[in-house]
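Visitor: Below are the structure tokens for one structure; questions will follow.
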Amino acid sequence: AQSVTQLGSHVSVSEGALVLLRCNYSSSVPPYLFWYVQYPNQGLQLLLKYTTGATLVKGINGFEAEFKKSETSFHLTKPSAHMSDAAEYFCAVSPQTGANNLFFGTGTRLTVIP
Amino acid sequence: KAGVTQTPRYLIKTRGQQVTLSCSPISGHRSVSWYQQTPGQGLQFLFEYFSETQRNKGNFPGRFSGRQFSNSRSEMNVSTLELGDSALYLCASSLRLAGGGHEQFFGPGTRLTVL
């Protein structure tokens, strides 16, 4: 069974500081991995994804994530936080079996302090 | 290309009523998935439709149902509404990735409030 754990339901950083949002997955086979962002009263927007190939994945808005199989992790980082990054972030996995459904973590709300 | 559209954006219903939500996927996408988002349970998968057939189903009671039309538009229906059905319902249409898996594109959601 697939599951996703996001450590820290709330993270606060100062503007310009490093953003690190943690995600660990549980799966017998490495799944496909995604990070989504959700702004208030909106749907989910894909930040980046890992399927195969290079384990360091770059996404939109300066975000990147590294797939570490040995640690079953897919942490999201951004070198310098902007005020516009304040939102809720969700890590998600989908199985490699071909089933098209996402299992989401509980989300991390990012606050950026000016 | 236009994104995923969902109608209506907001709904208020009372317990015991039923509701139908609509989703139009991105042109060319044949798979549509539905998710429920609540503060307590987070984001949970409801079901997926592909070529008018339900291909995957989450762990929800039979009061939740859906269908897909030949133009890939999808509807979901919730009968005998309960207070706990108050949620943001998100629809996503999917594109199969060359490296495997699917990329899901989400609509803005329908906010359902049950009184």
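As shown in the structure tokens, the chain order sets the letters A, B, ...; within each chain, residues go from 1, and ligands are also counted from 1 in the order they appear.
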Within 7 Å of chain A, which residues belong to chain B? Use only C-alpha atoms and report them as a VMD selection string.
Guide: chain B and resid 42 to 43 45 90 99 to 102 106 to 109
Visitor: For Tyr49 in chain B, please output as a list in words all residues within 7 Å (counting only C-alpha atoms; exclusion window: fewer than 5 positions along the same chain).
Guide: Ser31, Val32, Ser33, Gln54, Arg55 and Gln68 of chain B
Visitor: Please extract the residues of range 69-103 of chain B with a backbone DSSP assignment of strand (DSSP E or B) and present them as JSON, numbers by chain.
Guide: {"B": [74, 75, 76, 77, 78, 87, 88, 89, 90, 91, 92, 93, 94, 95, 96, 102, 103]}
Visitor: So which residues touch range 78-80 of chain A within 7 Å, counting only C-alpha atoms, skipping near sequence neighbours fewer than 5 positions away, as a PDB file with C-alpha atoms, in the first residue's frame?
Guide:
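part_23.pdb, freshly written:
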ATOM      1  CA  GLY A  16      15.054  35.071   1.352  1.00  0.00           C
ATOM      2  CA  ALA A  17      15.686  32.013   3.520  1.00  0.00           C
ATOM      3  CA  LEU A  18      15.901  28.411   2.395  1.00  0.00           C
ATOM      4  CA  VAL A  19      12.645  26.523   2.078  1.00  0.00           C
ATOM      5  CA  LEU A  20      12.726  22.812   2.978  1.00  0.00           C
ATOM      6  CA  GLY A  62      12.528  27.888  -8.495  1.00  0.00           C
ATOM      7  CA  PHE A  63      11.574  24.738  -6.595  1.00  0.00           C
ATOM      8  CA  GLU A  64      13.424  21.469  -6.850  1.00  0.00           C
TER       9      GLU A  64
END
Visitor: Could you check the closest approach to Thr108 in chain A for each of A:Val13, A:Leu21, A:Gly59, A:Ser3 and tell me which residue wins, using only C-alpha atoms?
Guide: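 Closest to Thr108 in chain A of all the choices is A:Leu21.
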Visitor: Pick out the residues sitting within 9 Å of Tyr10 in chain B, and hand them over as number ranges by chain; count only C-alpha atoms, and ignore anything fewer than 5 positions along from it in its own chain.
Guide: B: 109-113
Visitor: Please produce a file of the residues just selected, as a PDB file, in the first residue's frame, where the atoms kept are C-alpha atoms.
Guide:
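In the end it all went to part-v8.pdb:
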ATOM      1  CA  GLY B 109     -12.816  22.657  -7.305  1.00  0.00           C
ATOM      2  CA  THR B 110     -16.418  22.846  -6.167  1.00  0.00           C
ATOM      3  CA  ARG B 111     -16.926  23.915  -2.572  1.00  0.00           C
ATOM      4  CA  LEU B 112     -19.917  21.975  -1.178  1.00  0.00           C
ATOM      5  CA  THR B 113     -21.445  23.028   2.107  1.00  0.00           C
TER       6      THR B 113
END
Visitor: Please identify all polymer residues within 12 Å of range 59-62 of chain B, counting only C-alpha atoms, omitting same-chain residues fewer than 5 positions from it, and present them as a list in words.
Guide: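 These residues fall inside the cut-off: Trp34, Tyr35, Gln36, Gln44, Phe45, Leu46, Phe47, Met76, Asn77, Val78, Ser79, Thr80, Leu81, Glu82 and Asp85 of chain B.
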Visitor: Go ahead and write the selection's residues with all heavy atoms as a short mmCIF file (atom, residue, chain, number, x, y, z; two decimals), in the first residue's frame.
Guide:
data_model
loop_
_atom_site.label_atom_id
_atom_site.label_comp_id
_atom_site.auth_asym_id
_atom_site.auth_seq_id
_atom_site.Cartn_x
_atom_site.Cartn_y
_atom_site.Cartn_z
N TRP B 34 -11.58 12.15 -9.51
CA TRP B 34 -12.24 13.01 -8.53
C TRP B 34 -11.60 12.78 -7.15
O TRP B 34 -11.28 11.64 -6.78
CB TRP B 34 -13.73 12.69 -8.43
CG TRP B 34 -14.53 13.11 -9.63
CD1 TRP B 34 -14.77 12.39 -10.76
CD2 TRP B 34 -15.21 14.36 -9.80
NE1 TRP B 34 -15.55 13.11 -11.62
CE2 TRP B 34 -15.85 14.32 -11.07
CE3 TRP B 34 -15.35 15.51 -9.01
CZ2 TRP B 34 -16.61 15.39 -11.55
CZ3 TRP B 34 -16.11 16.57 -9.49
CH2 TRP B 34 -16.73 16.50 -10.75
N TYR B 35 -11.46 13.89 -6.42
CA TYR B 35 -10.89 13.84 -5.08
C TYR B 35 -11.75 14.68 -4.14
O TYR B 35 -12.35 15.68 -4.55
CB TYR B 35 -9.46 14.41 -5.06
CG TYR B 35 -8.46 13.60 -5.84
CD1 TYR B 35 -8.33 13.75 -7.21
CD2 TYR B 35 -7.65 12.66 -5.21
CE1 TYR B 35 -7.42 13.00 -7.93
CE2 TYR B 35 -6.73 11.91 -5.92
CZ TYR B 35 -6.63 12.08 -7.28
OH TYR B 35 -5.71 11.33 -7.99
N GLN B 36 -11.78 14.27 -2.89
CA GLN B 36 -12.45 15.04 -1.84
C GLN B 36 -11.38 15.62 -0.92
O GLN B 36 -10.46 14.90 -0.52
CB GLN B 36 -13.38 14.13 -1.04
CG GLN B 36 -14.16 14.86 0.05
CD GLN B 36 -14.76 13.91 1.08
OE1 GLN B 36 -14.03 13.22 1.80
NE2 GLN B 36 -16.07 13.89 1.15
N GLN B 44 -8.49 12.91 -0.57
CA GLN B 44 -8.75 11.49 -0.74
C GLN B 44 -9.32 11.22 -2.12
O GLN B 44 -10.19 11.95 -2.59
CB GLN B 44 -9.74 11.00 0.32
CG GLN B 44 -9.18 11.06 1.74
CD GLN B 44 -10.17 10.45 2.73
OE1 GLN B 44 -11.18 11.07 3.07
NE2 GLN B 44 -9.89 9.25 3.17
N PHE B 45 -8.84 10.15 -2.72
CA PHE B 45 -9.26 9.74 -4.05
C PHE B 45 -10.65 9.13 -4.01
O PHE B 45 -10.93 8.23 -3.19
CB PHE B 45 -8.24 8.75 -4.60
CG PHE B 45 -8.62 8.07 -5.87
CD1 PHE B 45 -8.59 8.75 -7.07
CD2 PHE B 45 -9.00 6.74 -5.86
CE1 PHE B 45 -8.93 8.11 -8.25
CE2 PHE B 45 -9.34 6.09 -7.04
CZ PHE B 45 -9.31 6.77 -8.23
N LEU B 46 -11.53 9.62 -4.87
CA LEU B 46 -12.89 9.07 -4.97
C LEU B 46 -12.97 8.01 -6.06
O LEU B 46 -13.30 6.87 -5.79
CB LEU B 46 -13.87 10.20 -5.27
CG LEU B 46 -14.29 11.04 -4.07
CD1 LEU B 46 -14.75 12.42 -4.53
CD2 LEU B 46 -15.40 10.35 -3.30
N PHE B 47 -12.76 8.40 -7.29
CA PHE B 47 -12.78 7.47 -8.41
C PHE B 47 -12.17 8.09 -9.65
O PHE B 47 -11.96 9.30 -9.72
CB PHE B 47 -14.21 6.96 -8.73
CG PHE B 47 -15.32 7.91 -8.42
CD1 PHE B 47 -15.46 9.13 -9.07
CD2 PHE B 47 -16.27 7.58 -7.46
CE1 PHE B 47 -16.48 10.00 -8.78
CE2 PHE B 47 -17.31 8.45 -7.16
CZ PHE B 47 -17.41 9.65 -7.81
N MET B 76 -20.05 13.87 -10.94
CA MET B 76 -20.14 13.03 -9.76
C MET B 76 -21.40 13.40 -9.00
O MET B 76 -21.85 14.56 -9.03
CB MET B 76 -18.92 13.13 -8.85
CG MET B 76 -18.70 14.41 -8.14
SD MET B 76 -17.52 14.21 -6.78
CE MET B 76 -18.56 13.51 -5.51
N ASN B 77 -21.98 12.43 -8.38
CA ASN B 77 -23.24 12.60 -7.67
C ASN B 77 -23.08 12.12 -6.23
O ASN B 77 -22.44 11.08 -5.98
CB ASN B 77 -24.34 11.80 -8.38
CG ASN B 77 -25.69 12.01 -7.74
OD1 ASN B 77 -26.04 11.36 -6.76
ND2 ASN B 77 -26.45 12.94 -8.29
N VAL B 78 -23.62 12.88 -5.32
CA VAL B 78 -23.66 12.44 -3.93
C VAL B 78 -25.11 12.45 -3.50
O VAL B 78 -25.78 13.49 -3.58
CB VAL B 78 -22.83 13.34 -3.00
CG1 VAL B 78 -22.74 12.71 -1.60
CG2 VAL B 78 -21.44 13.59 -3.55
N SER B 79 -25.60 11.32 -3.08
CA SER B 79 -27.00 11.23 -2.65
C SER B 79 -27.07 11.25 -1.13
O SER B 79 -26.07 10.99 -0.44
CB SER B 79 -27.63 9.94 -3.19
OG SER B 79 -26.95 8.81 -2.66
N THR B 80 -28.24 11.56 -0.62
CA THR B 80 -28.50 11.58 0.82
C THR B 80 -27.35 12.26 1.56
O THR B 80 -26.63 11.65 2.37
CB THR B 80 -28.70 10.15 1.37
OG1 THR B 80 -29.45 9.37 0.44
CG2 THR B 80 -29.45 10.21 2.69
N LEU B 81 -27.19 13.52 1.28
CA LEU B 81 -26.06 14.27 1.81
C LEU B 81 -26.01 14.25 3.34
O LEU B 81 -27.04 14.33 4.01
CB LEU B 81 -26.11 15.72 1.32
CG LEU B 81 -25.67 15.93 -0.12
CD1 LEU B 81 -26.10 17.32 -0.61
CD2 LEU B 81 -24.17 15.75 -0.25
N GLU B 82 -24.78 14.15 3.85
CA GLU B 82 -24.52 14.22 5.29
C GLU B 82 -23.65 15.44 5.56
O GLU B 82 -22.97 15.94 4.65
CB GLU B 82 -23.82 12.95 5.75
CG GLU B 82 -24.61 11.68 5.50
CD GLU B 82 -23.85 10.42 5.88
OE1 GLU B 82 -22.70 10.54 6.37
OE2 GLU B 82 -24.41 9.32 5.70
N ASP B 85 -20.12 15.48 4.40
CA ASP B 85 -19.80 15.56 2.97
C ASP B 85 -19.37 16.97 2.58
O ASP B 85 -18.95 17.18 1.43
CB ASP B 85 -21.02 15.15 2.13
CG ASP B 85 -21.43 13.71 2.36
OD1 ASP B 85 -20.55 12.90 2.72
OD2 ASP B 85 -22.63 13.40 2.19
#
Visitor: When distances are computed from only C-alpha atoms, which of B:Ser74, B:Ser65, B:Gln104, B:Thr38 shows the smallest separation from Ser51 in chain B?
Guide: B:Ser74
Visitor: Calculated over only C-alpha atoms, which of the candidates A:Met83, A:Val93, A:Leu110, A:Ala65 has the smallest distance to Glu15 in chain A?
Guide: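 Between A:Met83, A:Val93, A:Leu110, A:Ala65, the residue approaching Glu15 in chain A most closely is A:Met83.
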Visitor: Give me, as JSON, numbers by chain, all polymer residues having an atom no more than 12 Å from Ser70 in chain A, counting only C-alpha atoms and skipping those fewer than 6 positions away in the same chain.
Guide: {"A": [24, 25, 26, 29, 30, 55]}
Visitor: Just how far from CA of Glu88 in chain A is CA of Val37 in chain A, in Å to one decimal?
Guide: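 So the answer is 5.8 Å.
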Visitor: Can you tell me how far CA of Leu83 in chain B sits from CA of Ser9 in chain A, in Å to one decimal?
Guide: 25.3 Å
Visitor: Which residues, written as a list of chain:residue names, have at least one atom at most 8 Å from Thr7 in chain B, with only C-alpha atoms counted and residues fewer than 5 positions away on the same chain left out?
Guide: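 The residues satisfying every condition are B:Leu21, B:Ser22, B:Cys23, B:Thr110.
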